[in-house]
Structure formats: C-alpha cells, structure tokens
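Colleague: Quick one: the structure is below, and I'll ask about it shortly.
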Amino acid sequence: MDLTNTDFIAIGSALVAGLSALYARWAVKASKHQNEISLHAERLNVYKGVTIFGSKLAANGPSIQDTDVWKFHECVQLSEFYYSAAIHKRLDTAFTQALSMLAKNDEWKFAKEQGSANAKDISDERHKIHRALRDECFSISDAMKENLRLAKA
C-alpha cells in the first residue's frame with residue numbers, strides 16, 4: 001500500500017483535530033473548575049457572615065448591635081444567589097427574627113427607663129427570641145457546609 005503526500009496530510013490533519021478536541025475538553029473542564037472555585041468563594045463569604053452573626057449572638061446575648069444585624073442582612077440577600085431556596089428562606093426568617101429582637105430590645109430599654117412593671121416580661125421575650133435565633137443560625141451554618149465541599153466524596 002503506497003501512501004501519497006495527501007494521505008500523510010490527511011492523517012496529520014486528523015491527529016491535529018484529535019489533539020484540538022482533547023485540548024478543548026481539557027479547557028472546558030478547567031473552566032468549570034475555575035467557576036466552581038469562584039462560586040465557592042462567594043458561598044464561603046455568606047457562610048462566614050452567618051457564623052459570625054451567630055457567634056456575636058452567642059457572645060453578646062440579645063444585646064446585639066443594629067450594625068451587626070444589617071451586616072447579617074447582606075449575607076441573607078446574597079444567599080439567594082449562592083444557596084438553595086430552603087436555606088435562603090431560613091436565613092430570611094432568621095433576619096426577621098433579628099429585627100424582632102432589636103424591636104424587643106428597644107421596647108425593653110424604654111420599659112426599663114420608665115420603670116414599667118412589664119420590663120421583666122419583655123426581657124424574657126427578648127431572651128427567648130435570642131436563644132431561638134442563635135440556635136437557628138448555627139443550624140443553618142451546619143446545613144450550608146454541604147455546599148462548601150469542593151471535593152465531594
């Protein structure tokens with residue numbers, strides 16, 4: 001069997017096409033991996049925000065600062081894009097609870113300043129909201145961990 005120059009060119013072209021296809025496949029795989037790393041960074045930022053807020057709740061009790069609640073709100077907003085709808089909904093509910101706790105804090109301070117008899121009841125309510133919110137934040141952060149694993153076994 002005699003091979004002509006055109007046969008060699010055709011075989012060479014087929015090899016180049018095969019190598020190009022392999023390179024394209026590798027490039028797509030690398031691009032997907034890079035996108036996953038980028039998403040991971042954003043998910044990690046949201047996770048950190050939730051755990052920091054939960055830690056501040058644990059450290060400060062119900063006397064959390066307004067600024068901490070609004071920083072938490074930024075994480076809640078971003079969670080819509082990087083986590084499941086269920087986790088976002090839980091975070092949104094936690095944010096609503098945090099606002100309720102802030103309102104109870106203000107109500108308690110006012111009742112305490114006025115010498116109101118129901119200041120103790122208000123304080124009990126704010127502590128109840130605080131404990132539920134703190135526990136929910138830690139529960140949510142545990143649920144978020146599954147989305148943070150890059151190497152899934």
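Labels used: A, B, ... for chains in the order of the structure tokens, numbers from 1 for residues in each chain, and numbers from 1 for ligands as shown.
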Quick one: residues within 10 Å of stretch 136-140 of chain A, only C-alpha atoms counted, chain neighbours fewer than 4 positions away excluded, as a ChimeraX atom specification?
Modeller: /A:47,50-55,57-58,87-88,90-91,93-95,130-132,144-145
Colleague: Restricting the output to C-alpha atoms, write the selected residues as a PDB file, in the first residue's frame.
Modeller:
```
ATOM      1  CA  TYR A  47     -21.254  31.168  55.383  1.00  0.00           C
ATOM      2  CA  VAL A  50     -23.834  33.665  59.162  1.00  0.00           C
ATOM      3  CA  THR A  51     -21.341  32.092  61.571  1.00  0.00           C
ATOM      4  CA  ILE A  52     -20.007  35.496  62.635  1.00  0.00           C
ATOM      5  CA  PHE A  53     -23.547  36.678  63.330  1.00  0.00           C
ATOM      6  CA  GLY A  54     -24.295  33.507  65.301  1.00  0.00           C
ATOM      7  CA  SER A  55     -21.088  33.973  67.290  1.00  0.00           C
ATOM      8  CA  LEU A  57     -25.376  36.420  69.264  1.00  0.00           C
ATOM      9  CA  ALA A  58     -23.707  33.836  71.481  1.00  0.00           C
ATOM     10  CA  ILE A  87     -31.531  27.862  53.066  1.00  0.00           C
ATOM     11  CA  HIS A  88     -32.308  31.365  51.797  1.00  0.00           C
ATOM     12  CA  ARG A  90     -34.404  30.042  56.645  1.00  0.00           C
ATOM     13  CA  LEU A  91     -31.915  32.921  56.601  1.00  0.00           C
ATOM     14  CA  THR A  93     -36.747  34.165  58.566  1.00  0.00           C
ATOM     15  CA  ALA A  94     -33.734  34.482  60.884  1.00  0.00           C
ATOM     16  CA  PHE A  95     -33.247  38.070  59.729  1.00  0.00           C
ATOM     17  CA  HIS A 130     -32.314  35.448  71.122  1.00  0.00           C
ATOM     18  CA  ARG A 131     -31.905  31.773  72.016  1.00  0.00           C
ATOM     19  CA  ALA A 132     -34.046  30.613  69.096  1.00  0.00           C
ATOM     20  CA  MET A 144     -24.594  25.330  54.499  1.00  0.00           C
ATOM     21  CA  LYS A 145     -21.445  23.229  54.908  1.00  0.00           C
TER      22      LYS A 145
END
```
